[in-house]
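J.: Input model_13.tsv, format and content: TSV, C-alpha atoms.
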```tsv
chain	number	residue	atom	x	y	z
A	14	VAL	CA	3.12	35.36	-74.88
A	15	ALA	CA	5.82	34.06	-72.52
A	16	SER	CA	7.07	37.59	-71.84
A	17	VAL	CA	3.55	38.70	-70.91
A	18	ARG	CA	3.13	35.75	-68.56
A	19	ASP	CA	6.52	36.39	-66.94
A	20	PHE	CA	5.71	40.05	-66.35
A	21	SER	CA	5.30	41.02	-62.68
A	22	PHE	CA	4.06	44.22	-61.08
A	23	VAL	CA	6.06	43.41	-57.93
A	24	SER	CA	9.33	45.33	-57.95
A	25	PRO	CA	12.28	43.33	-56.52
A	26	ALA	CA	13.88	46.62	-55.45
A	27	VAL	CA	10.90	47.62	-53.29
A	28	LYS	CA	10.49	44.08	-51.98
A	29	TYR	CA	14.10	43.65	-50.80
A	30	MET	CA	14.48	47.23	-49.62
A	31	LEU	CA	11.53	46.64	-47.30
A	32	PHE	CA	13.00	43.31	-46.18
A	33	ILE	CA	16.44	44.83	-45.39
A	34	PHE	CA	14.75	47.77	-43.62
A	35	ASN	CA	12.77	45.40	-41.38
A	36	PHE	CA	15.67	43.00	-40.86
A	37	LEU	CA	17.89	45.80	-39.46
A	38	PHE	CA	15.21	46.88	-36.97
A	39	TRP	CA	14.48	43.22	-36.19
A	40	ILE	CA	18.13	42.83	-35.08
A	41	ILE	CA	17.88	46.05	-33.05
A	42	SER	CA	14.74	44.70	-31.32
A	43	LEU	CA	16.60	41.52	-30.30
A	44	VAL	CA	19.42	43.65	-28.85
A	45	MET	CA	16.87	45.75	-26.91
A	46	VAL	CA	15.21	42.65	-25.45
A	47	SER	CA	18.60	41.16	-24.51
A	48	ILE	CA	19.74	44.37	-22.76
A	49	GLY	CA	16.39	44.63	-20.96
A	50	MET	CA	16.57	41.02	-19.73
A	51	TYR	CA	20.19	41.43	-18.61
A	52	ALA	CA	19.41	44.68	-16.76
A	53	ARG	CA	16.37	43.09	-15.11
A	54	MET	CA	18.33	40.06	-13.90
A	55	MET	CA	21.24	42.15	-12.62
A	56	LYS	CA	19.11	44.76	-10.86
A	57	HIS	CA	18.27	44.00	-7.22
A	58	ALA	CA	17.49	47.45	-5.76
A	59	GLU	CA	13.78	47.63	-6.46
A	60	ALA	CA	13.26	50.59	-4.10
A	61	ALA	CA	15.41	52.80	-6.30
A	62	LEU	CA	12.99	52.33	-9.19
A	63	ALA	CA	10.05	53.63	-7.14
A	64	CYS	CA	10.86	57.10	-8.47
A	65	LEU	CA	9.91	55.93	-11.97
A	66	SER	CA	6.44	54.99	-13.20
A	67	VAL	CA	7.85	51.98	-15.08
A	68	ASP	CA	10.97	49.90	-14.63
A	69	PRO	CA	13.27	50.97	-17.55
A	70	ALA	CA	14.39	47.35	-18.06
A	71	ILE	CA	10.80	46.13	-18.41
A	72	MET	CA	9.93	49.07	-20.68
A	73	LEU	CA	12.94	48.25	-22.88
A	74	MET	CA	11.84	44.59	-23.10
A	75	VAL	CA	8.24	45.52	-23.94
A	76	LEU	CA	9.37	47.95	-26.66
A	77	GLY	CA	11.81	45.35	-28.00
A	78	ILE	CA	9.15	42.61	-28.14
A	79	LEU	CA	6.65	44.95	-29.82
A	80	MET	CA	9.30	46.00	-32.34
A	81	PHE	CA	10.24	42.35	-32.91
A	82	ILE	CA	6.65	41.36	-33.74
A	83	ILE	CA	6.08	44.33	-36.07
A	84	THR	CA	9.37	43.92	-37.95
A	85	PHE	CA	8.83	40.14	-38.16
A	86	CYS	CA	5.54	40.83	-39.96
A	87	GLY	CA	7.39	43.20	-42.30
A	88	CYS	CA	10.23	40.72	-42.99
A	89	VAL	CA	8.05	37.68	-43.70
A	90	GLY	CA	5.34	39.75	-45.43
A	91	SER	CA	7.82	41.27	-47.89
A	92	LEU	CA	9.59	37.96	-48.67
A	93	ARG	CA	6.40	35.92	-49.01
A	94	GLU	CA	4.45	38.80	-50.60
A	95	ASN	CA	1.77	38.28	-47.97
A	96	ILE	CA	-0.78	41.13	-48.02
A	97	CYS	CA	-2.16	40.29	-44.55
A	98	LEU	CA	1.26	40.54	-42.83
A	99	LEU	CA	2.20	43.66	-44.79
A	100	GLN	CA	-1.08	45.36	-43.84
A	101	THR	CA	-0.47	44.43	-40.19
A	102	PHE	CA	3.00	45.99	-40.43
A	103	CYS	CA	1.75	49.12	-42.20
A	104	ILE	CA	-1.20	49.69	-39.83
A	105	SER	CA	0.99	49.11	-36.74
A	106	LEU	CA	3.57	51.65	-37.91
A	107	THR	CA	0.83	54.17	-38.75
A	108	VAL	CA	-0.77	53.79	-35.31
A	109	ILE	CA	2.62	54.18	-33.55
A	110	PHE	CA	3.44	57.27	-35.62
A	111	LEU	CA	0.05	58.85	-34.84
A	112	LEU	CA	0.40	58.04	-31.12
A	113	GLN	CA	3.82	59.73	-31.05
A	114	LEU	CA	2.37	62.75	-32.85
A	115	VAL	CA	-0.55	62.99	-30.41
A	116	ALA	CA	1.79	62.56	-27.41
A	117	GLY	CA	3.99	65.41	-28.68
A	118	ILE	CA	1.00	67.71	-29.20
A	119	LEU	CA	-0.50	66.86	-25.79
A	120	GLY	CA	2.90	67.37	-24.13
A	121	PHE	CA	3.09	70.83	-25.69
A	122	ILE	CA	-0.51	71.77	-24.79
A	123	PHE	CA	-0.38	70.38	-21.24
A	124	SER	CA	3.21	71.45	-20.54
A	125	ASP	CA	2.31	72.50	-16.97
A	126	THR	CA	0.96	69.03	-16.20
A	127	ALA	CA	4.06	67.45	-17.71
A	128	ARG	CA	6.25	69.77	-15.62
A	129	THR	CA	4.39	68.74	-12.44
A	130	LYS	CA	4.87	65.07	-13.30
A	131	VAL	CA	8.59	65.57	-13.92
A	132	THR	CA	8.88	67.43	-10.59
A	133	GLU	CA	7.28	64.47	-8.79
A	134	MET	CA	9.68	62.04	-10.49
A	135	ILE	CA	12.73	64.14	-9.55
A	136	ASN	CA	11.56	64.48	-5.94
A	137	ASN	CA	11.06	60.71	-5.75
A	138	ALA	CA	14.53	60.23	-7.25
A	139	ILE	CA	15.94	62.51	-4.52
A	140	ILE	CA	14.22	60.38	-1.84
A	141	HIS	CA	15.80	57.18	-3.22
A	142	TYR	CA	19.19	58.79	-4.06
A	143	ARG	CA	21.22	56.49	-1.79
A	144	ASP	CA	19.19	53.33	-2.46
A	145	ASP	CA	20.90	52.48	-5.75
A	146	ILE	CA	24.33	53.40	-7.09
A	147	ASP	CA	23.06	53.61	-10.69
A	148	LEU	CA	20.34	56.08	-9.73
A	149	GLN	CA	22.86	58.05	-7.67
A	150	ASN	CA	25.27	58.26	-10.61
A	151	LEU	CA	22.44	59.33	-12.93
A	152	ILE	CA	21.38	62.18	-10.61
A	153	ASP	CA	24.98	63.27	-10.07
A	154	PHE	CA	25.59	63.30	-13.83
A	155	GLY	CA	22.44	65.37	-14.43
A	156	GLN	CA	23.29	67.91	-11.74
A	157	MET	CA	26.87	68.34	-12.94
A	158	GLU	CA	25.88	68.46	-16.62
A	159	PHE	CA	23.16	71.09	-16.16
A	160	GLY	CA	24.84	72.93	-13.27
A	161	CYS	CA	21.84	72.55	-10.98
A	162	CYS	CA	20.83	71.18	-7.58
A	163	GLY	CA	17.54	69.54	-6.63
A	164	GLY	CA	14.26	69.71	-8.51
A	165	VAL	CA	13.08	73.30	-7.95
A	166	THR	CA	15.88	74.49	-5.66
A	167	TYR	CA	18.82	73.13	-3.62
A	168	THR	CA	16.70	72.78	-0.46
A	169	ASP	CA	14.74	69.95	-2.14
A	170	TRP	CA	17.47	67.65	-0.85
A	171	THR	CA	15.82	67.82	2.57
A	172	PHE	CA	13.40	65.18	1.19
A	173	ASN	CA	16.22	62.64	1.40
A	174	MET	CA	16.55	60.96	4.81
A	175	TYR	CA	20.34	61.47	4.88
A	176	PHE	CA	20.23	65.16	3.90
A	177	ASP	CA	17.04	65.93	5.88
A	178	CYS	CA	17.39	69.27	7.68
A	179	SER	CA	15.23	68.27	10.66
A	180	LYS	CA	16.88	68.88	14.03
A	181	ASP	CA	16.30	65.27	15.12
A	182	ASN	CA	18.11	63.86	12.06
A	183	PRO	CA	21.23	62.01	13.40
A	184	SER	CA	22.89	61.78	9.95
A	185	ARG	CA	26.33	63.36	9.53
A	186	GLU	CA	25.07	64.71	6.19
A	187	ARG	CA	22.21	66.62	7.81
A	188	CYS	CA	21.35	69.82	5.86
A	189	SER	CA	23.93	68.93	3.19
A	190	VAL	CA	23.67	68.42	-0.57
A	191	PRO	CA	25.54	65.94	-2.81
A	192	PHE	CA	28.98	66.97	-4.10
A	193	SER	CA	27.51	67.09	-7.64
A	194	CYS	CA	25.77	70.32	-6.61
A	195	CYS	CA	29.09	72.03	-5.90
A	196	ILE	CA	30.69	74.69	-8.08
A	197	ILE	CA	33.96	72.97	-8.92
A	198	SER	CA	36.83	75.16	-10.08
A	199	LYS	CA	38.87	73.83	-12.99
A	200	GLU	CA	42.00	74.95	-11.18
A	201	LYS	CA	41.44	72.48	-8.33
A	202	VAL	CA	43.14	69.15	-8.90
A	203	VAL	CA	41.53	67.39	-5.91
A	204	VAL	CA	37.75	67.57	-5.65
A	205	ASN	CA	36.34	68.05	-2.15
A	206	THR	CA	33.43	65.60	-2.00
A	207	MET	CA	32.25	67.18	1.28
A	208	CYS	CA	31.84	70.62	-0.30
A	209	GLY	CA	28.04	70.40	0.09
A	210	GLN	CA	28.20	70.03	3.87
A	211	GLY	CA	25.57	72.17	5.65
A	212	MET	CA	24.63	74.13	2.50
A	213	GLN	CA	20.86	73.93	3.17
A	214	GLU	CA	21.36	76.05	6.28
A	215	LEU	CA	22.77	78.92	4.21
A	216	GLU	CA	20.67	81.60	2.53
A	217	TYR	CA	20.18	81.42	-1.25
A	218	LEU	CA	22.81	84.05	-2.11
A	219	ALA	CA	25.34	82.76	0.41
A	220	ALA	CA	24.95	79.17	-0.76
A	221	GLY	CA	25.38	80.37	-4.37
A	222	ASP	CA	29.07	81.02	-3.67
A	223	TYR	CA	29.67	77.30	-3.12
A	224	ILE	CA	26.94	75.32	-4.91
A	225	HIS	CA	24.52	75.58	-7.83
A	226	THR	CA	21.31	76.86	-6.24
A	227	SER	CA	19.04	76.69	-9.31
A	228	GLY	CA	16.76	73.66	-9.66
A	229	CYS	CA	17.29	71.12	-12.44
A	230	ILE	CA	13.75	71.50	-13.83
A	231	ASP	CA	14.27	75.14	-14.84
A	232	LYS	CA	17.68	74.25	-16.27
A	233	MET	CA	16.16	71.42	-18.30
A	234	VAL	CA	13.37	73.67	-19.62
A	235	ASN	CA	15.94	76.31	-20.62
A	236	TRP	CA	18.04	73.63	-22.35
A	237	ILE	CA	14.98	72.43	-24.31
A	238	HIS	CA	14.16	76.00	-25.40
A	239	SER	CA	17.78	76.52	-26.46
A	240	ASN	CA	17.97	73.24	-28.43
A	241	LEU	CA	14.62	73.14	-30.22
A	242	PHE	CA	16.32	72.53	-33.58
A	243	LEU	CA	18.25	69.58	-32.14
A	244	ILE	CA	15.11	68.10	-30.58
A	245	GLY	CA	13.23	68.66	-33.84
A	246	GLY	CA	16.02	66.89	-35.71
A	247	ILE	CA	15.85	63.89	-33.35
A	248	ALA	CA	12.05	63.75	-33.71
A	249	LEU	CA	12.42	63.90	-37.49
A	250	GLY	CA	15.08	61.19	-37.36
A	251	LEU	CA	12.62	58.94	-35.49
A	252	ALA	CA	9.73	59.78	-37.83
A	253	ILE	CA	11.54	59.26	-41.16
A	254	PRO	CA	12.18	55.48	-40.76
A	255	GLN	CA	8.53	54.98	-39.78
A	256	LEU	CA	7.28	56.96	-42.79
A	257	VAL	CA	9.69	55.09	-45.10
A	258	GLY	CA	8.37	51.76	-43.75
A	259	ILE	CA	4.75	52.84	-44.23
A	260	LEU	CA	5.45	54.09	-47.78
A	261	LEU	CA	7.39	51.00	-48.91
A	262	SER	CA	4.86	48.56	-47.44
A	263	GLN	CA	1.94	50.41	-49.05
A	264	ILE	CA	3.70	50.44	-52.45
A	265	LEU	CA	4.41	46.71	-52.17
A	266	ILE	CA	0.81	45.96	-51.12
A	267	ASN	CA	-0.52	47.81	-54.18
A	268	GLN	CA	1.96	46.00	-56.44
A	269	ILE	CA	0.93	42.59	-55.06
A	270	LYS	CA	-2.75	43.44	-55.55
A	271	ASP	CA	-2.05	44.45	-59.17
A	272	GLN	CA	-0.13	41.20	-59.67
A	273	ILE	CA	-3.05	39.16	-58.28
A	274	ASN	CA	-5.46	40.97	-60.59
A	275	LEU	CA	-3.14	40.25	-63.54
A	276	GLN	CA	-2.95	36.57	-62.65
A	277	ASN	CA	-6.73	36.33	-62.33
A	278	TYR	CA	-7.11	38.06	-65.72
A	279	ASN	CA	-4.64	35.64	-67.37
A	280	ILE	CA	-6.41	32.62	-65.89
A	281	LYS	CA	-9.78	33.92	-67.04
A	282	HIS	CA	-8.62	34.71	-70.59
A	283	GLN	CA	-6.09	31.95	-71.19
A	284	VAL	CA	-6.60	29.90	-74.37
A	285	ASP	CA	-6.97	26.12	-74.06
A	286	PRO	CA	-4.83	24.60	-76.89
A	287	TRP	CA	-6.85	21.35	-76.81
A	288	SER	CA	-10.22	23.00	-77.33
```
Take the structure in the file and write it out as structure tokens.

T.:
Amino acid sequence: VASVRDFSFVSPAVKYMLFIFNFLFWIISLVMVSIGMYARMMKHAEAALACLSVDPAIMLMVLGILMFIITFCGCVGSLRENICLLQTFCISLTVIFLLQLVAGILGFIFSDTARTKVTEMINNAIIHYRDDIDLQNLIDFGQMEFGCCGGVTYTDWTFNMYFDCSKDNPSRERCSVPFSCCIISKEKVVVNTMCGQGMQELEYLAAGDYIHTSGCIDKMVNWIHSNLFLIGGIALGLAIPQLVGILLSQILINQIKDQINLQNYNIKHQVDPWS
């Protein structure tokens, strides 16, 4: 009789696997919030972030807080065997997974709209290129990594007030492009940072001897098409932890429900020794 009463449907393996799973992501969420807060406090150049729809620091904090709440529900729910918290965790993960799936499908269907939005963001980034050193370094890294210049073409740099090709522009960098647009030979030990001087005044073919004339958007699209397996692997890597969390939480919920039913059955059919 004692062995029957001690029997439990709740598997310790499932219970503590779910706890460890949530605890790891709970720590990650705290790190995300800390980095977001630090970046927000250290960042003073608000104009540079006008090229983005959302401040990356704030977005990181929001994601971290959301992740913290969800994983907290998973941690406490698994330890305390609380069905309400576990269901909150499971439903939240399912909704997030479905939203990601829908976003991916919509991005594929409305690829032209997404391309237009990316073009606007890049053009805004070009406008604010000199407003923030971090943004400047990011653009320079992108242009050197992809071997491109500007959004659609190298003349997009005329949108920046320093590189503006208007005749009344007093800037010394008038009609120029950043050095990150330049075709740098590996043989050269010293890099000429003024190699983009006056490049917007040259024709496409002539400028192509000195700088990358292709826009970064086309280069990015070509990179995506060439690395579909890599992108698919990253997407799968993001999806698997979510699916594992959903599966483990649902298994544990069913086990707890079975345990509750067993306890109710034992209470209902227990024998009173004094009767």

J.: Which residue, A:Ile244, A:Cys88, A:Met207, A:Val75, has the smallest gap to Gly258 (chain A) when you use only C-alpha atoms?

T.: A:Cys88

J.: Can you work out the spacing between CA of Ile96 (chain A) and CA of Met45 (chain A) in Å, to one decimal?

T.: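 Computing the Euclidean distance for CA of Ile96 (chain A) and CA of Met45 (chain A) yields 27.9 Å.
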
J.: Please identify all polymer residues within 8 Å of Leu43 (chain A), counting all atoms listed in the file, omitting same-chain residues fewer than 5 positions from it, and present them as a list in words.

T.: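 Final neighbour list, sorted by chain and number: Gly77, Ile78 and Phe81 of chain A.
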
J.: Could you tell me which of A:Asn136, A:Ser184, A:Thr84, A:Ser91 comes closest to Leu31 (chain A) if we count only C-alpha atoms?

T.: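 For Leu31 (chain A), the nearest of the candidates is A:Ser91.
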
J.: So, counting all atoms listed in the file, which residue among A:Asp153, A:Asp271, A:Glu133, A:Glu186 is closest to Phe20 (chain A)?

T.: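 Under the stated criterion, the closest residue is A:Asp271.
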
J.: Of the candidates A:Ile40, A:Ala70, A:Leu261, A:Ile139, which one gets nearest to Met54 (chain A) if we count only C-alpha atoms?

T.: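 For Met54 (chain A), the nearest of the candidates is A:Ala70.
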
J.: Taking (-0.2, 47.6, -53.9) in the file's own coordinates, collect the residues within 12 Å, counting only C-alpha atoms, and hand them back as a PyMOL selection string.

T.: chain A and resi 22-24+27-28+91+94-96+99-100+103+260-274
